[in-house]
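K.L.:
This is protein_26.pdb, which holds PDB, N, CA and C atoms:
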ATOM      1  N   MET A  48      15.389 -10.216  18.051
ATOM      2  CA  MET A  48      14.521 -10.268  16.870
ATOM      3  C   MET A  48      13.381  -9.274  17.028
ATOM      4  N   ARG A  49      13.054  -8.629  15.954
ATOM      5  CA  ARG A  49      11.944  -7.672  15.973
ATOM      6  C   ARG A  49      10.618  -8.402  15.936
ATOM      7  N   GLU A  50       9.582  -7.733  16.406
ATOM      8  CA  GLU A  50       8.245  -8.323  16.434
ATOM      9  C   GLU A  50       7.497  -8.155  15.120
ATOM     10  N   ARG A  51       7.991  -7.271  14.250
ATOM     11  CA  ARG A  51       7.298  -6.998  12.990
ATOM     12  C   ARG A  51       7.380  -8.216  12.074
ATOM     13  N   GLN A  52       6.253  -8.571  11.471
ATOM     14  CA  GLN A  52       6.208  -9.628  10.467
ATOM     15  C   GLN A  52       5.259  -9.196   9.361
ATOM     16  N   VAL A  53       5.625  -9.515   8.131
ATOM     17  CA  VAL A  53       4.812  -9.168   6.975
ATOM     18  C   VAL A  53       4.505 -10.450   6.223
ATOM     19  N   LEU A  54       3.247 -10.668   5.949
ATOM     20  CA  LEU A  54       2.829 -11.836   5.184
ATOM     21  C   LEU A  54       2.900 -11.479   3.709
ATOM     22  N   GLY A  55       3.820 -12.090   2.987
ATOM     23  CA  GLY A  55       3.941 -11.818   1.559
ATOM     24  C   GLY A  55       5.240 -11.141   1.212
ATOM     25  N   VAL A  56       5.176 -10.095   0.398
ATOM     26  CA  VAL A  56       6.364  -9.440  -0.136
ATOM     27  C   VAL A  56       6.951  -8.512   0.924
ATOM     28  N   SER A  57       8.188  -8.780   1.301
ATOM     29  CA  SER A  57       8.896  -7.957   2.277
ATOM     30  C   SER A  57      10.357  -8.355   2.269
ATOM     31  N   CYS A  58      11.184  -7.575   2.943
ATOM     32  CA  CYS A  58      12.588  -7.964   3.063
ATOM     33  C   CYS A  58      12.675  -9.209   3.953
ATOM     34  N   GLY A  59      13.754  -9.953   3.806
ATOM     35  CA  GLY A  59      13.914 -11.226   4.494
ATOM     36  C   GLY A  59      13.755 -11.159   6.000
ATOM     37  N   GLU A  60      14.160 -10.048   6.590
ATOM     38  CA  GLU A  60      14.089  -9.907   8.050
ATOM     39  C   GLU A  60      12.656  -9.986   8.575
ATOM     40  N   TYR A  61      11.695  -9.505   7.809
ATOM     41  CA  TYR A  61      10.304  -9.450   8.260
ATOM     42  C   TYR A  61       9.392 -10.466   7.574
ATOM     43  N   ARG A  62       9.869 -11.087   6.501
ATOM     44  CA  ARG A  62       9.017 -11.918   5.653
ATOM     45  C   ARG A  62       8.478 -13.137   6.379
ATOM     46  N   ARG A  63       7.229 -13.390   6.137
ATOM     47  CA  ARG A  63       6.556 -14.599   6.614
ATOM     48  C   ARG A  63       5.933 -15.232   5.382
ATOM     49  N   HIS A  64       6.330 -16.438   5.020
ATOM     50  CA  HIS A  64       5.884 -17.080   3.792
ATOM     51  C   HIS A  64       4.429 -17.550   3.906
ATOM     52  N   GLY A  65       3.777 -17.681   2.751
ATOM     53  CA  GLY A  65       2.447 -18.267   2.705
ATOM     54  C   GLY A  65       1.352 -17.367   2.184
ATOM     55  N   ALA A  66       1.685 -16.215   1.631
ATOM     56  CA  ALA A  66       0.665 -15.252   1.225
ATOM     57  C   ALA A  66      -0.279 -15.777   0.149
ATOM     58  N   PHE A  67       0.183 -16.703  -0.682
ATOM     59  CA  PHE A  67      -0.664 -17.194  -1.758
ATOM     60  C   PHE A  67      -1.257 -18.569  -1.461
ATOM     61  N   ALA A  68      -1.084 -19.049  -0.244
ATOM     62  CA  ALA A  68      -1.643 -20.341   0.144
ATOM     63  C   ALA A  68      -3.153 -20.214   0.356
ATOM     64  N   GLU A  69      -3.862 -21.311   0.175
ATOM     65  CA  GLU A  69      -5.307 -21.294   0.414
ATOM     66  C   GLU A  69      -5.598 -21.036   1.893
ATOM     67  N   TYR A  70      -4.796 -21.627   2.762
ATOM     68  CA  TYR A  70      -4.925 -21.418   4.206
ATOM     69  C   TYR A  70      -3.550 -21.103   4.767
ATOM     70  N   VAL A  71      -3.499 -20.262   5.776
ATOM     71  CA  VAL A  71      -2.237 -19.919   6.412
ATOM     72  C   VAL A  71      -2.492 -19.616   7.882
ATOM     73  N   ALA A  72      -1.598 -20.040   8.740
ATOM     74  CA  ALA A  72      -1.700 -19.754  10.171
ATOM     75  C   ALA A  72      -0.789 -18.575  10.487
ATOM     76  N   VAL A  73      -1.361 -17.547  11.092
ATOM     77  CA  VAL A  73      -0.586 -16.363  11.473
ATOM     78  C   VAL A  73      -0.935 -15.988  12.905
ATOM     79  N   PRO A  74      -0.028 -15.276  13.573
ATOM     80  CA  PRO A  74      -0.345 -14.817  14.926
ATOM     81  C   PRO A  74      -1.560 -13.880  14.914
ATOM     82  N   GLN A  75      -2.376 -13.973  15.920
ATOM     83  CA  GLN A  75      -3.603 -13.170  15.987
ATOM     84  C   GLN A  75      -3.316 -11.675  15.913
ATOM     85  N   ARG A  76      -2.165 -11.252  16.444
ATOM     86  CA  ARG A  76      -1.834  -9.815  16.447
ATOM     87  C   ARG A  76      -1.633  -9.258  15.041
ATOM     88  N   MET A  77      -1.465 -10.146  14.035
ATOM     89  CA  MET A  77      -1.296  -9.705  12.648
ATOM     90  C   MET A  77      -2.626  -9.580  11.911
ATOM     91  N   LEU A  78      -3.714  -9.964  12.552
ATOM     92  CA  LEU A  78      -5.014 -10.008  11.888
ATOM     93  C   LEU A  78      -5.841  -8.772  12.195
ATOM     94  N   TYR A  79      -6.712  -8.454  11.270
ATOM     95  CA  TYR A  79      -7.660  -7.360  11.452
ATOM     96  C   TYR A  79      -9.002  -7.841  10.938
ATOM     97  N   ARG A  80     -10.008  -7.819  11.785
ATOM     98  CA  ARG A  80     -11.343  -8.254  11.379
ATOM     99  C   ARG A  80     -11.978  -7.185  10.495
ATOM    100  N   LEU A  81     -12.434  -7.618   9.330
ATOM    101  CA  LEU A  81     -13.091  -6.688   8.411
ATOM    102  C   LEU A  81     -14.521  -6.444   8.862
ATOM    103  N   PRO A  82     -14.964  -5.203   8.811
ATOM    104  CA  PRO A  82     -16.364  -4.928   9.131
ATOM    105  C   PRO A  82     -17.293  -5.661   8.163
ATOM    106  N   ASP A  83     -18.450  -6.066   8.633
ATOM    107  CA  ASP A  83     -19.402  -6.812   7.810
ATOM    108  C   ASP A  83     -19.842  -6.034   6.570
ATOM    109  N   ASN A  84     -19.862  -4.711   6.665
ATOM    110  CA  ASN A  84     -20.341  -3.902   5.542
ATOM    111  C   ASN A  84     -19.234  -3.555   4.533
ATOM    112  N   LEU A  85     -18.025  -4.117   4.708
ATOM    113  CA  LEU A  85     -16.915  -3.865   3.797
ATOM    114  C   LEU A  85     -16.750  -5.065   2.862
ATOM    115  N   SER A  86     -16.831  -4.819   1.564
ATOM    116  CA  SER A  86     -16.693  -5.915   0.593
ATOM    117  C   SER A  86     -15.227  -6.336   0.494
ATOM    118  N   PHE A  87     -14.980  -7.529  -0.039
ATOM    119  CA  PHE A  87     -13.611  -7.992  -0.243
ATOM    120  C   PHE A  87     -12.882  -7.078  -1.231
ATOM    121  N   GLU A  88     -13.600  -6.565  -2.228
ATOM    122  CA  GLU A  88     -12.991  -5.662  -3.207
ATOM    123  C   GLU A  88     -12.525  -4.369  -2.534
ATOM    124  N   GLN A  89     -13.358  -3.820  -1.651
ATOM    125  CA  GLN A  89     -12.968  -2.613  -0.919
ATOM    126  C   GLN A  89     -11.800  -2.897   0.014
ATOM    127  N   ALA A  90     -11.835  -4.027   0.683
ATOM    128  CA  ALA A  90     -10.765  -4.393   1.607
ATOM    129  C   ALA A  90      -9.440  -4.569   0.867
ATOM    130  N   ALA A  91      -9.496  -5.099  -0.352
ATOM    131  CA  ALA A  91      -8.277  -5.312  -1.128
ATOM    132  C   ALA A  91      -7.596  -3.986  -1.460
ATOM    133  N   MET A  92      -8.341  -2.900  -1.521
ATOM    134  CA  MET A  92      -7.782  -1.587  -1.815
ATOM    135  C   MET A  92      -7.116  -0.946  -0.595
ATOM    136  N   ALA A  93      -7.427  -1.431   0.584
ATOM    137  CA  ALA A  93      -6.959  -0.791   1.823
ATOM    138  C   ALA A  93      -5.438  -0.703   1.888
ATOM    139  N   GLU A  94      -4.733  -1.757   1.539
ATOM    140  CA  GLU A  94      -3.273  -1.749   1.630
ATOM    141  C   GLU A  94      -2.670  -0.755   0.644
ATOM    142  N   ALA A  95      -3.140  -0.775  -0.597
ATOM    143  CA  ALA A  95      -2.591   0.139  -1.605
ATOM    144  C   ALA A  95      -2.870   1.595  -1.243
ATOM    145  N   VAL A  96      -4.068   1.875  -0.795
ATOM    146  CA  VAL A  96      -4.418   3.247  -0.410
ATOM    147  C   VAL A  96      -3.582   3.683   0.791
ATOM    148  N   SER A  97      -3.400   2.797   1.762
ATOM    149  CA  SER A  97      -2.630   3.171   2.952
ATOM    150  C   SER A  97      -1.168   3.432   2.605
ATOM    151  N   VAL A  98      -0.600   2.675   1.659
ATOM    152  CA  VAL A  98       0.780   2.918   1.223
ATOM    153  C   VAL A  98       0.883   4.303   0.585
ATOM    154  N   ALA A  99      -0.057   4.636  -0.288
ATOM    155  CA  ALA A  99      -0.036   5.935  -0.973
ATOM    156  C   ALA A  99      -0.225   7.089   0.011
ATOM    157  N   VAL A 100      -1.185   6.970   0.899
ATOM    158  CA  VAL A 100      -1.444   8.034   1.880
ATOM    159  C   VAL A 100      -0.230   8.216   2.786
ATOM    160  N   HIS A 101       0.361   7.108   3.233
ATOM    161  CA  HIS A 101       1.536   7.179   4.102
ATOM    162  C   HIS A 101       2.708   7.850   3.387
ATOM    163  N   ALA A 102       2.934   7.492   2.120
ATOM    164  CA  ALA A 102       4.042   8.079   1.360
ATOM    165  C   ALA A 102       3.876   9.586   1.221
ATOM    166  N   VAL A 103       2.680  10.029   0.897
ATOM    167  CA  VAL A 103       2.440  11.463   0.716
ATOM    168  C   VAL A 103       2.500  12.189   2.055
ATOM    169  N   LYS A 104       2.015  11.555   3.098
ATOM    170  CA  LYS A 104       2.049  12.166   4.439
ATOM    171  C   LYS A 104       3.489  12.413   4.891
ATOM    172  N   ARG A 105       4.402  11.533   4.501
ATOM    173  CA  ARG A 105       5.813  11.667   4.885
ATOM    174  C   ARG A 105       6.571  12.672   4.019
ATOM    175  N   THR A 106       5.951  13.133   2.943
ATOM    176  CA  THR A 106       6.609  14.026   1.992
ATOM    177  C   THR A 106       6.184  15.460   2.237
ATOM    178  N   PRO A 107       7.142  16.353   2.526
ATOM    179  CA  PRO A 107       6.767  17.761   2.698
ATOM    180  C   PRO A 107       6.354  18.360   1.347
ATOM    181  N   LEU A 108       5.149  18.878   1.275
ATOM    182  CA  LEU A 108       4.644  19.477   0.046
ATOM    183  C   LEU A 108       4.219  20.916   0.309
ATOM    184  N   ALA A 109       4.751  21.831  -0.477
ATOM    185  CA  ALA A 109       4.293  23.218  -0.416
ATOM    186  C   ALA A 109       3.036  23.339  -1.266
ATOM    187  N   ASP A 110       2.231  24.368  -0.994
ATOM    188  CA  ASP A 110       1.055  24.604  -1.839
ATOM    189  C   ASP A 110       1.502  24.812  -3.276
ATOM    190  N   ASP A 111       0.758  24.273  -4.210
ATOM    191  CA  ASP A 111       1.051  24.367  -5.636
ATOM    192  C   ASP A 111       2.389  23.724  -6.013
ATOM    193  N   ALA A 112       2.849  22.759  -5.232
ATOM    194  CA  ALA A 112       4.094  22.058  -5.546
ATOM    195  C   ALA A 112       3.908  21.231  -6.817
ATOM    196  N   THR A 113       4.982  21.062  -7.544
ATOM    197  CA  THR A 113       4.979  20.161  -8.690
ATOM    198  C   THR A 113       5.634  18.869  -8.231
ATOM    199  N   VAL A 114       4.968  17.763  -8.475
ATOM    200  CA  VAL A 114       5.422  16.468  -7.977
ATOM    201  C   VAL A 114       5.625  15.531  -9.151
ATOM    202  N   SER A 115       6.685  14.761  -9.090
ATOM    203  CA  SER A 115       6.934  13.742 -10.102
ATOM    204  C   SER A 115       6.773  12.373  -9.452
ATOM    205  N   VAL A 116       5.891  11.568 -10.001
ATOM    206  CA  VAL A 116       5.668  10.215  -9.508
ATOM    207  C   VAL A 116       6.150   9.258 -10.583
ATOM    208  N   VAL A 117       7.102   8.437 -10.227
ATOM    209  CA  VAL A 117       7.652   7.470 -11.176
ATOM    210  C   VAL A 117       6.879   6.169 -11.015
ATOM    211  N   GLY A 118       6.221   5.768 -12.071
ATOM    212  CA  GLY A 118       5.431   4.543 -12.040
ATOM    213  C   GLY A 118       3.950   4.866 -12.047
ATOM    214  N   ALA A 119       3.247   4.290 -12.987
ATOM    215  CA  ALA A 119       1.819   4.557 -13.131
ATOM    216  C   ALA A 119       1.005   3.319 -12.798
ATOM    217  N   GLY A 120       1.506   2.531 -11.856
ATOM    218  CA  GLY A 120       0.718   1.406 -11.357
ATOM    219  C   GLY A 120      -0.334   1.915 -10.400
ATOM    220  N   MET A 121      -1.018   1.004  -9.751
ATOM    221  CA  MET A 121      -2.112   1.402  -8.867
ATOM    222  C   MET A 121      -1.629   2.335  -7.757
ATOM    223  N   ILE A 122      -0.536   1.999  -7.088
ATOM    224  CA  ILE A 122      -0.067   2.843  -5.990
ATOM    225  C   ILE A 122       0.428   4.181  -6.522
ATOM    226  N   GLY A 123       1.135   4.189  -7.654
ATOM    227  CA  GLY A 123       1.586   5.448  -8.238
ATOM    228  C   GLY A 123       0.430   6.376  -8.570
ATOM    229  N   LEU A 124      -0.630   5.826  -9.147
ATOM    230  CA  LEU A 124      -1.804   6.647  -9.465
ATOM    231  C   LEU A 124      -2.486   7.159  -8.203
ATOM    232  N   LEU A 125      -2.533   6.333  -7.157
ATOM    233  CA  LEU A 125      -3.111   6.779  -5.887
ATOM    234  C   LEU A 125      -2.263   7.887  -5.257
ATOM    235  N   VAL A 126      -0.940   7.804  -5.403
ATOM    236  CA  VAL A 126      -0.057   8.864  -4.904
ATOM    237  C   VAL A 126      -0.335  10.168  -5.648
ATOM    238  N   VAL A 127      -0.492  10.095  -6.966
ATOM    239  CA  VAL A 127      -0.809  11.292  -7.756
ATOM    240  C   VAL A 127      -2.106  11.928  -7.248
ATOM    241  N   LYS A 128      -3.135  11.100  -7.040
ATOM    242  CA  LYS A 128      -4.420  11.633  -6.568
ATOM    243  C   LYS A 128      -4.280  12.251  -5.183
ATOM    244  N   ARG A 129      -3.534  11.597  -4.292
ATOM    245  CA  ARG A 129      -3.376  12.104  -2.927
ATOM    246  C   ARG A 129      -2.580  13.403  -2.914
ATOM    247  N   CYS A 130      -1.551  13.499  -3.762
ATOM    248  CA  CYS A 130      -0.786  14.752  -3.859
ATOM    249  C   CYS A 130      -1.694  15.889  -4.313
ATOM    250  N   GLY A 131      -2.571  15.601  -5.267
ATOM    251  CA  GLY A 131      -3.533  16.606  -5.719
ATOM    252  C   GLY A 131      -4.439  17.066  -4.589
ATOM    253  N   ARG A 132      -4.854  16.141  -3.737
ATOM    254  CA  ARG A 132      -5.709  16.503  -2.590
ATOM    255  C   ARG A 132      -4.943  17.353  -1.578
ATOM    256  N   ARG A 133      -3.611  17.203  -1.551
ATOM    257  CA  ARG A 133      -2.778  17.984  -0.641
ATOM    258  C   ARG A 133      -2.409  19.340  -1.237
ATOM    259  N   GLY A 134      -2.853  19.634  -2.459
ATOM    260  CA  GLY A 134      -2.597  20.940  -3.053
ATOM    261  C   GLY A 134      -1.531  20.955  -4.121
ATOM    262  N   ALA A 135      -0.932  19.815  -4.410
ATOM    263  CA  ALA A 135       0.078  19.772  -5.467
ATOM    264  C   ALA A 135      -0.595  19.909  -6.822
ATOM    265  N   VAL A 136       0.168  20.381  -7.787
ATOM    266  CA  VAL A 136      -0.329  20.471  -9.150
ATOM    267  C   VAL A 136      -0.437  19.050  -9.677
ATOM    268  N   GLU A 137      -1.618  18.690 -10.123
ATOM    269  CA  GLU A 137      -1.864  17.313 -10.560
ATOM    270  C   GLU A 137      -1.740  17.213 -12.070
ATOM    271  N   SER A 138      -1.028  16.196 -12.506
ATOM    272  CA  SER A 138      -0.940  15.940 -13.938
ATOM    273  C   SER A 138      -0.930  14.434 -14.145
ATOM    274  N   SER A 139      -1.145  14.038 -15.366
ATOM    275  CA  SER A 139      -1.157  12.614 -15.679
ATOM    276  C   SER A 139       0.268  12.085 -15.657
ATOM    277  N   PRO A 140       0.488  10.949 -15.004
ATOM    278  CA  PRO A 140       1.837  10.364 -15.024
ATOM    279  C   PRO A 140       2.136   9.808 -16.404
ATOM    280  N   SER A 141       3.394   9.861 -16.777
ATOM    281  CA  SER A 141       3.751   9.305 -18.082
ATOM    282  C   SER A 141       3.924   7.803 -17.947
ATOM    283  N   ILE A 142       3.474   7.115 -18.937
ATOM    284  CA  ILE A 142       3.563   5.661 -18.939
ATOM    285  C   ILE A 142       4.441   5.267 -20.114
ATOM    286  N   SER A 143       5.546   4.635 -19.818
ATOM    287  CA  SER A 143       6.391   4.126 -20.902
ATOM    288  C   SER A 143       6.729   2.677 -20.571
ATOM    289  N   ARG A 144       6.605   1.864 -21.548
ATOM    290  CA  ARG A 144       6.903   0.443 -21.367
ATOM    291  C   ARG A 144       8.088   0.064 -22.224
ATOM    292  N   LYS A 145       8.921  -0.739 -21.657
ATOM    293  CA  LYS A 145      10.089  -1.238 -22.391
ATOM    294  C   LYS A 145       9.613  -2.338 -23.336
ATOM    295  N   THR A 146       9.939  -2.189 -24.580
ATOM    296  CA  THR A 146       9.569  -3.215 -25.550
ATOM    297  C   THR A 146      10.812  -3.904 -26.056
ATOM    298  N   ASP A 147      10.739  -5.185 -26.207
ATOM    299  CA  ASP A 147      11.892  -5.966 -26.703
ATOM    300  C   ASP A 147      11.715  -6.323 -28.146
TER     301      ASP A 147
END
Output the structure of this file as structure tokens.
P.N.:
Amino acid sequence: MRERQVLGVSCGEYRRHGAFAEYVAVPQRMLYRLPDNLSFEQAAMAEAVSVAVHAVKRTPLADDATVSVVGAGMIGLLVVKRCGRRGAVESSPSISRKTD
């Protein structure tokens, strides 16, 4: 068995239930103490920002590259911003919603 565990949304192999519980017991190695000067709102952004930065870091981008980001949710918008910081041509993502 692997040591990796994810609290919340993950594939079954790594999933650990209880992300929406008021209290949850997790191994200490899964915890990270937040600095006193970091607000809960700022801390809540850490996961989304880290996903976006990691995705762009793994993607080879040439200078002035044109990038297509599918999805204009929070992480998609953060990916667009990060690609722009890496030198990609930045444009607004298209937002289309399926209507029934």
K.L.:
Can I get the residues of region 86-124 of chain A within 6.5 Å of region 130-137 of chain A, each with the closest pair of atoms and their distance in Å to one decimal, using all atoms listed in the file, sorted chain first then ascending number, as a Markdown table?
P.N.:
| residue | atom | partner | partner_atom | distance |
| --- | --- | --- | --- | --- |
| A:Val103 | CA | A:Cys130 | N | 6.3 |
| A:Ala109 | C | A:Gly134 | C | 5.9 |
| A:Asp110 | C | A:Gly134 | C | 5.0 |
| A:Asp111 | N | A:Gly134 | C | 4.0 |
| A:Ala112 | C | A:Val136 | N | 4.0 |
| A:Thr113 | N | A:Val136 | N | 4.9 |
| A:Val114 | N | A:Val136 | N | 5.5 |
K.L.:
Select, from A:Ala91, A:Met77, A:Val71, A:Ala99, the residue with the minimum atom-to-atom distance to Gly123 (chain A), counting all atoms listed in the file.
P.N.:
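Closest residue, counting all atoms listed in the file: A:Ala99.
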K.L.:
I'd like the neighbourhood of Ala102 (chain A) as a PDB file with N, CA and C atoms, keeping the file's coordinate frame, where a residue qualifies if any of its atoms comes within 10 Å (using only C-alpha atoms), though same-chain residues fewer than 2 positions away should be ignored.
P.N.:
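Heads up, here's the output in out.pdb:
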ATOM      1  N   VAL A  96      -4.068   1.875  -0.795  1.00  0.00           N
ATOM      2  CA  VAL A  96      -4.418   3.247  -0.410  1.00  0.00           C
ATOM      3  C   VAL A  96      -3.582   3.683   0.791  1.00  0.00           C
ATOM      4  N   SER A  97      -3.400   2.797   1.762  1.00  0.00           N
ATOM      5  CA  SER A  97      -2.630   3.171   2.952  1.00  0.00           C
ATOM      6  C   SER A  97      -1.168   3.432   2.605  1.00  0.00           C
ATOM      7  N   VAL A  98      -0.600   2.675   1.659  1.00  0.00           N
ATOM      8  CA  VAL A  98       0.780   2.918   1.223  1.00  0.00           C
ATOM      9  C   VAL A  98       0.883   4.303   0.585  1.00  0.00           C
ATOM     10  N   ALA A  99      -0.057   4.636  -0.288  1.00  0.00           N
ATOM     11  CA  ALA A  99      -0.036   5.935  -0.973  1.00  0.00           C
ATOM     12  C   ALA A  99      -0.225   7.089   0.011  1.00  0.00           C
ATOM     13  N   VAL A 100      -1.185   6.970   0.899  1.00  0.00           N
ATOM     14  CA  VAL A 100      -1.444   8.034   1.880  1.00  0.00           C
ATOM     15  C   VAL A 100      -0.230   8.216   2.786  1.00  0.00           C
ATOM     16  N   LYS A 104       2.015  11.555   3.098  1.00  0.00           N
ATOM     17  CA  LYS A 104       2.049  12.166   4.439  1.00  0.00           C
ATOM     18  C   LYS A 104       3.489  12.413   4.891  1.00  0.00           C
ATOM     19  N   ARG A 105       4.402  11.533   4.501  1.00  0.00           N
ATOM     20  CA  ARG A 105       5.813  11.667   4.885  1.00  0.00           C
ATOM     21  C   ARG A 105       6.571  12.672   4.019  1.00  0.00           C
ATOM     22  N   THR A 106       5.951  13.133   2.943  1.00  0.00           N
ATOM     23  CA  THR A 106       6.609  14.026   1.992  1.00  0.00           C
ATOM     24  C   THR A 106       6.184  15.460   2.237  1.00  0.00           C
ATOM     25  N   ILE A 122      -0.536   1.999  -7.088  1.00  0.00           N
ATOM     26  CA  ILE A 122      -0.067   2.843  -5.990  1.00  0.00           C
ATOM     27  C   ILE A 122       0.428   4.181  -6.522  1.00  0.00           C
ATOM     28  N   VAL A 126      -0.940   7.804  -5.403  1.00  0.00           N
ATOM     29  CA  VAL A 126      -0.057   8.864  -4.904  1.00  0.00           C
ATOM     30  C   VAL A 126      -0.335  10.168  -5.648  1.00  0.00           C
ATOM     31  N   ARG A 129      -3.534  11.597  -4.292  1.00  0.00           N
ATOM     32  CA  ARG A 129      -3.376  12.104  -2.927  1.00  0.00           C
ATOM     33  C   ARG A 129      -2.580  13.403  -2.914  1.00  0.00           C
ATOM     34  N   CYS A 130      -1.551  13.499  -3.762  1.00  0.00           N
ATOM     35  CA  CYS A 130      -0.786  14.752  -3.859  1.00  0.00           C
ATOM     36  C   CYS A 130      -1.694  15.889  -4.313  1.00  0.00           C
TER      37      CYS A 130
END
K.L.:
Hey, which of A:Leu125, A:Ala68, A:Leu85, A:Leu78 ends up closest to His101 (chain A)? Count only C-alpha atoms.
P.N.:
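Result for the nearest residue to His101 (chain A): A:Leu125.
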K.L.:
Tell me, in Å to one decimal, how far CA of Glu50 (chain A) is from CA of Met92 (chain A).
P.N.:
25.2 Å
